[in-house]
>>> print(open('structure.txt').read())   # compact mmCIF, N, CA and C atoms
# COMPACT_ATOMS: atom_id res chain seq x y z
N MET A 514 105.40 -168.29 135.97
CA MET A 514 105.25 -169.65 136.36
C MET A 514 104.23 -170.29 135.42
N LEU A 515 104.49 -171.53 135.05
CA LEU A 515 103.52 -172.27 134.25
C LEU A 515 103.46 -173.69 134.76
N PHE A 516 102.36 -174.33 134.42
CA PHE A 516 102.14 -175.71 134.83
C PHE A 516 101.90 -176.55 133.60
N TYR A 517 102.56 -177.72 133.53
CA TYR A 517 102.46 -178.61 132.38
C TYR A 517 102.00 -179.98 132.83
N SER A 518 101.07 -180.55 132.09
CA SER A 518 100.61 -181.91 132.34
C SER A 518 100.96 -182.76 131.13
N PRO A 519 101.95 -183.64 131.25
CA PRO A 519 102.33 -184.47 130.10
C PRO A 519 101.23 -185.46 129.71
N THR A 520 100.47 -185.95 130.68
CA THR A 520 99.41 -186.91 130.34
C THR A 520 98.25 -186.23 129.61
N ALA A 521 97.92 -185.02 130.00
CA ALA A 521 96.85 -184.27 129.33
C ALA A 521 97.39 -183.48 128.14
N ARG A 522 98.70 -183.41 128.05
CA ARG A 522 99.39 -182.65 126.99
C ARG A 522 98.86 -181.21 126.91
N CYS A 523 98.88 -180.58 128.08
CA CYS A 523 98.43 -179.19 128.14
C CYS A 523 99.31 -178.39 129.09
N LEU A 524 99.28 -177.10 128.87
CA LEU A 524 100.13 -176.17 129.60
C LEU A 524 99.27 -175.00 130.04
N PHE A 525 99.40 -174.63 131.30
CA PHE A 525 98.71 -173.46 131.83
C PHE A 525 99.75 -172.36 131.96
N SER A 526 99.61 -171.33 131.12
CA SER A 526 100.67 -170.32 131.01
C SER A 526 100.43 -169.05 131.83
N GLY A 527 99.31 -168.96 132.50
CA GLY A 527 99.04 -167.77 133.29
C GLY A 527 99.08 -166.52 132.45
N ASP A 528 99.84 -165.52 132.88
CA ASP A 528 99.94 -164.27 132.13
C ASP A 528 101.24 -164.17 131.33
N THR A 529 101.86 -165.31 131.05
CA THR A 529 103.11 -165.32 130.31
C THR A 529 102.88 -165.31 128.80
N LEU A 530 102.02 -166.20 128.34
CA LEU A 530 101.78 -166.35 126.91
C LEU A 530 100.28 -166.38 126.66
N PHE A 531 99.86 -165.62 125.67
CA PHE A 531 98.47 -165.56 125.27
C PHE A 531 98.36 -165.96 123.80
N ARG A 532 97.17 -166.18 123.34
CA ARG A 532 96.96 -166.46 121.92
C ARG A 532 97.33 -165.19 121.15
N GLY A 533 98.41 -165.29 120.38
CA GLY A 533 98.84 -164.17 119.56
C GLY A 533 99.64 -163.11 120.28
N GLY A 534 100.10 -163.38 121.50
CA GLY A 534 100.87 -162.36 122.21
C GLY A 534 101.49 -162.87 123.49
N ILE A 535 102.24 -161.99 124.11
CA ILE A 535 102.90 -162.33 125.37
C ILE A 535 102.37 -161.41 126.46
N GLY A 536 102.79 -161.71 127.69
CA GLY A 536 102.36 -160.90 128.83
C GLY A 536 102.89 -159.48 128.78
N ARG A 537 102.36 -158.66 129.66
CA ARG A 537 102.74 -157.24 129.69
C ARG A 537 104.19 -157.07 130.12
N THR A 538 104.85 -156.15 129.47
CA THR A 538 106.23 -155.82 129.84
C THR A 538 106.39 -154.33 130.06
N ASP A 539 105.28 -153.59 130.08
CA ASP A 539 105.35 -152.14 130.22
C ASP A 539 105.28 -151.68 131.68
N LEU A 540 105.14 -152.61 132.58
CA LEU A 540 105.10 -152.28 134.01
C LEU A 540 106.52 -152.20 134.57
N PRO A 541 106.72 -151.58 135.72
CA PRO A 541 108.06 -151.51 136.31
C PRO A 541 108.68 -152.91 136.44
N GLY A 542 109.91 -153.03 136.00
CA GLY A 542 110.62 -154.31 136.05
C GLY A 542 110.37 -155.19 134.84
N GLY A 543 109.45 -154.80 133.97
CA GLY A 543 109.14 -155.58 132.77
C GLY A 543 110.26 -155.46 131.75
N ASN A 544 110.51 -156.56 131.03
CA ASN A 544 111.57 -156.57 130.03
C ASN A 544 111.12 -157.50 128.90
N ARG A 545 110.72 -156.91 127.79
CA ARG A 545 110.19 -157.68 126.66
C ARG A 545 111.21 -158.71 126.14
N ARG A 546 112.45 -158.30 126.02
CA ARG A 546 113.48 -159.20 125.50
C ARG A 546 113.65 -160.42 126.40
N LEU A 547 113.71 -160.21 127.71
CA LEU A 547 113.87 -161.32 128.65
C LEU A 547 112.65 -162.24 128.66
N LEU A 548 111.46 -161.66 128.60
CA LEU A 548 110.25 -162.48 128.59
C LEU A 548 110.18 -163.31 127.31
N THR A 549 110.45 -162.70 126.17
CA THR A 549 110.42 -163.43 124.90
C THR A 549 111.47 -164.53 124.88
N GLU A 550 112.66 -164.24 125.37
CA GLU A 550 113.73 -165.24 125.44
C GLU A 550 113.32 -166.40 126.35
N SER A 551 112.74 -166.10 127.46
CA SER A 551 112.29 -167.13 128.39
C SER A 551 111.21 -168.01 127.75
N ILE A 552 110.28 -167.39 127.06
CA ILE A 552 109.23 -168.15 126.38
C ILE A 552 109.83 -169.07 125.33
N ARG A 553 110.75 -168.55 124.55
CA ARG A 553 111.39 -169.37 123.50
C ARG A 553 112.14 -170.56 124.09
N HIS A 554 112.86 -170.35 125.17
CA HIS A 554 113.70 -171.41 125.73
C HIS A 554 112.96 -172.36 126.68
N GLN A 555 111.93 -171.89 127.33
CA GLN A 555 111.24 -172.70 128.32
C GLN A 555 109.90 -173.27 127.82
N LEU A 556 109.11 -172.45 127.19
CA LEU A 556 107.75 -172.83 126.84
C LEU A 556 107.64 -173.45 125.46
N LEU A 557 108.37 -172.92 124.49
CA LEU A 557 108.25 -173.42 123.13
C LEU A 557 108.99 -174.73 122.89
N ARG A 558 109.58 -175.29 123.93
CA ARG A 558 110.25 -176.59 123.80
C ARG A 558 109.27 -177.75 123.90
N PHE A 559 108.04 -177.45 124.32
CA PHE A 559 107.02 -178.50 124.42
C PHE A 559 106.52 -178.85 123.01
N PRO A 560 105.94 -180.04 122.84
CA PRO A 560 105.45 -180.45 121.51
C PRO A 560 104.45 -179.42 120.93
N ASP A 561 104.49 -179.28 119.62
CA ASP A 561 103.64 -178.30 118.94
C ASP A 561 102.15 -178.48 119.21
N ASP A 562 101.71 -179.71 119.43
CA ASP A 562 100.28 -179.95 119.64
C ASP A 562 99.86 -179.78 121.11
N THR A 563 100.77 -179.29 121.95
CA THR A 563 100.43 -179.04 123.35
C THR A 563 99.44 -177.89 123.44
N ALA A 564 98.32 -178.11 124.10
CA ALA A 564 97.33 -177.05 124.30
C ALA A 564 97.87 -176.07 125.33
N VAL A 565 97.66 -174.79 125.09
CA VAL A 565 98.09 -173.74 126.01
C VAL A 565 96.84 -173.01 126.49
N TYR A 566 96.67 -172.99 127.80
CA TYR A 566 95.54 -172.29 128.42
C TYR A 566 96.09 -171.08 129.18
N PRO A 567 95.94 -169.90 128.58
CA PRO A 567 96.44 -168.69 129.25
C PRO A 567 95.52 -168.25 130.38
N GLY A 568 95.98 -167.30 131.13
CA GLY A 568 95.19 -166.77 132.23
C GLY A 568 93.99 -165.97 131.76
N HIS A 569 94.00 -165.54 130.51
CA HIS A 569 92.91 -164.75 129.94
C HIS A 569 92.74 -165.16 128.48
N TYR A 570 91.57 -164.95 127.95
CA TYR A 570 91.28 -165.11 126.52
C TYR A 570 91.23 -166.57 126.09
N GLU A 571 91.38 -166.79 124.80
CA GLU A 571 91.18 -168.11 124.20
C GLU A 571 92.44 -168.99 124.30
N PRO A 572 92.24 -170.31 124.35
CA PRO A 572 93.39 -171.23 124.33
C PRO A 572 94.08 -171.20 122.96
N THR A 573 95.26 -171.75 122.92
CA THR A 573 96.04 -171.84 121.70
C THR A 573 96.87 -173.12 121.77
N THR A 574 97.86 -173.26 120.92
CA THR A 574 98.79 -174.39 120.98
C THR A 574 100.21 -173.86 120.93
N VAL A 575 101.14 -174.67 121.39
CA VAL A 575 102.55 -174.29 121.33
C VAL A 575 102.94 -174.04 119.87
N GLY A 576 102.51 -174.90 118.96
CA GLY A 576 102.87 -174.75 117.56
C GLY A 576 102.40 -173.44 116.95
N ALA A 577 101.17 -173.04 117.27
CA ALA A 577 100.63 -171.78 116.74
C ALA A 577 101.43 -170.59 117.25
N GLU A 578 101.80 -170.61 118.51
CA GLU A 578 102.55 -169.49 119.07
C GLU A 578 104.01 -169.52 118.63
N LYS A 579 104.54 -170.70 118.42
CA LYS A 579 105.91 -170.82 117.94
C LYS A 579 106.03 -170.17 116.56
N ALA A 580 105.04 -170.37 115.72
CA ALA A 580 105.06 -169.78 114.38
C ALA A 580 105.08 -168.26 114.45
N MET A 581 104.47 -167.68 115.48
CA MET A 581 104.41 -166.23 115.61
C MET A 581 105.66 -165.65 116.27
N LEU A 582 106.27 -166.41 117.18
CA LEU A 582 107.40 -165.88 117.96
C LEU A 582 108.77 -166.18 117.38
N LEU A 583 108.86 -167.13 116.48
CA LEU A 583 110.19 -167.47 115.94
C LEU A 583 110.45 -166.81 114.62
>>> encode(input="structure.txt", output="structure tokens")
Amino acid sequence: MLFYSPTARCLFSGDTLFRGGIGRTDLPGGNRRLLTESIRHQLLRFPDDTAVYPGHYEPTTVGAEKAMLL
């Protein structure tokens, strides 16, 4: 689940997307391919300058993560 604020142009990604990486997929039920596909289709559609605040670590932007995931 993520939360997006168009007026603040920011996205709270929880444990889905981190600066330089994605959430854990090594736990039971985890699927790296499905998580990456979901991120590409759902999260990376936001403008590149959208700030991303993950559940842990440093913030990033959609554009920075798009460059790493595509």
>>> axis_aligned_box(input="structure.txt", around="region 537-551 of chain A", padding_each_side="8 Å", output="lines of an AutoDock Vina configuration file")
center_x = 108.1
center_y = -159.8
center_z = 130.7
size_x = 27.5
size_y = 32.5
size_z = 27.6
>>> closest_residue(input="structure.txt", among="A:Gly576, A:His554, A:Leu582, A:Tyr570", to="Arg532 (chain A)", atoms="all atoms listed in the file")
A:Tyr570
>>> closest_residue(input="structure.txt", among="A:Pro560, A:Gly533, A:Pro572, A:Pro567", to="Met514 (chain A)", atoms="only C-alpha atoms")
A:Pro567
>>> select_by_dssp(input="structure.txt", residues="chain A", states="alpha helix (DSSP H)", output="list in words")
Arg545, Arg546, Leu547, Leu548, Thr549, Glu550, Ser551, Val575, Gly576, Ala577, Glu578, Lys579, Ala580, Met581 and Leu582 of chain A
>>> atom_distance(input="structure.txt", atom1="atom C of Ile535 (chain A)", atom2="atom N of Ala577 (chain A)")
14.9 Å
>>> select_by_dssp(input="structure.txt", residues="chain A", states="strand (DSSP E or B)", output="mmCIF file with N, CA and C atoms, keeping the file's coordinate frame")
data_model
loop_
_atom_site.group_PDB
_atom_site.id
_atom_site.type_symbol
_atom_site.label_atom_id
_atom_site.label_comp_id
_atom_site.auth_asym_id
_atom_site.auth_seq_id
_atom_site.Cartn_x
_atom_site.Cartn_y
_atom_site.Cartn_z
ATOM 1 N N PHE A 516 102.360 -174.330 134.420
ATOM 2 C CA PHE A 516 102.140 -175.710 134.830
ATOM 3 C C PHE A 516 101.900 -176.550 133.600
ATOM 4 N N TYR A 517 102.560 -177.720 133.530
ATOM 5 C CA TYR A 517 102.460 -178.610 132.380
ATOM 6 C C TYR A 517 102.000 -179.980 132.830
ATOM 7 N N SER A 518 101.070 -180.550 132.090
ATOM 8 C CA SER A 518 100.610 -181.910 132.340
ATOM 9 C C SER A 518 100.960 -182.760 131.130
ATOM 10 N N CYS A 523 98.880 -180.580 128.080
ATOM 11 C CA CYS A 523 98.430 -179.190 128.140
ATOM 12 C C CYS A 523 99.310 -178.390 129.090
ATOM 13 N N LEU A 524 99.280 -177.100 128.870
ATOM 14 C CA LEU A 524 100.130 -176.170 129.600
ATOM 15 C C LEU A 524 99.270 -175.000 130.040
ATOM 16 N N PHE A 525 99.400 -174.630 131.300
ATOM 17 C CA PHE A 525 98.710 -173.460 131.830
ATOM 18 C C PHE A 525 99.750 -172.360 131.960
ATOM 19 N N SER A 526 99.610 -171.330 131.120
ATOM 20 C CA SER A 526 100.670 -170.320 131.010
ATOM 21 C C SER A 526 100.430 -169.050 131.830
ATOM 22 N N GLY A 527 99.310 -168.960 132.500
ATOM 23 C CA GLY A 527 99.040 -167.770 133.290
ATOM 24 C C GLY A 527 99.080 -166.520 132.450
ATOM 25 N N LEU A 530 102.020 -166.200 128.340
ATOM 26 C CA LEU A 530 101.780 -166.350 126.910
ATOM 27 C C LEU A 530 100.280 -166.380 126.660
ATOM 28 N N PHE A 531 99.860 -165.620 125.670
ATOM 29 C CA PHE A 531 98.470 -165.560 125.270
ATOM 30 C C PHE A 531 98.360 -165.960 123.800
ATOM 31 N N GLY A 534 100.100 -163.380 121.500
ATOM 32 C CA GLY A 534 100.870 -162.360 122.210
ATOM 33 C C GLY A 534 101.490 -162.870 123.490
ATOM 34 N N ILE A 535 102.240 -161.990 124.110
ATOM 35 C CA ILE A 535 102.900 -162.330 125.370
ATOM 36 C C ILE A 535 102.370 -161.410 126.460
ATOM 37 N N ALA A 564 98.320 -178.110 124.100
ATOM 38 C CA ALA A 564 97.330 -177.050 124.300
ATOM 39 C C ALA A 564 97.870 -176.070 125.330
ATOM 40 N N VAL A 565 97.660 -174.790 125.090
ATOM 41 C CA VAL A 565 98.090 -173.740 126.010
ATOM 42 C C VAL A 565 96.840 -173.010 126.490
ATOM 43 N N TYR A 566 96.670 -172.990 127.800
ATOM 44 C CA TYR A 566 95.540 -172.290 128.420
ATOM 45 C C TYR A 566 96.090 -171.080 129.180
ATOM 46 N N PRO A 567 95.940 -169.900 128.580
ATOM 47 C CA PRO A 567 96.440 -168.690 129.250
ATOM 48 C C PRO A 567 95.520 -168.250 130.380
ATOM 49 N N THR A 573 95.260 -171.750 122.920
ATOM 50 C CA THR A 573 96.040 -171.840 121.700
ATOM 51 C C THR A 573 96.870 -173.120 121.770
ATOM 52 N N THR A 574 97.860 -173.260 120.920
ATOM 53 C CA THR A 574 98.790 -174.390 120.980
ATOM 54 C C THR A 574 100.210 -173.860 120.930
#
>>> closest_residue(input="structure.txt", among="A:Arg546, A:Arg522, A:Arg553, A:Lys579", to="Tyr566 (chain A)", atoms="only C-alpha atoms")
A:Arg522
>>> closest_residue(input="structure.txt", among="A:Glu550, A:Phe525, A:Arg545, A:Val575", to="Asp562 (chain A)", atoms="only N, CA and C atoms")
A:Val575
>>> atom_distance(input="structure.txt", atom1="CA of Leu557 (chain A)", atom2="CA of Gly534 (chain A)")
13.3 Å
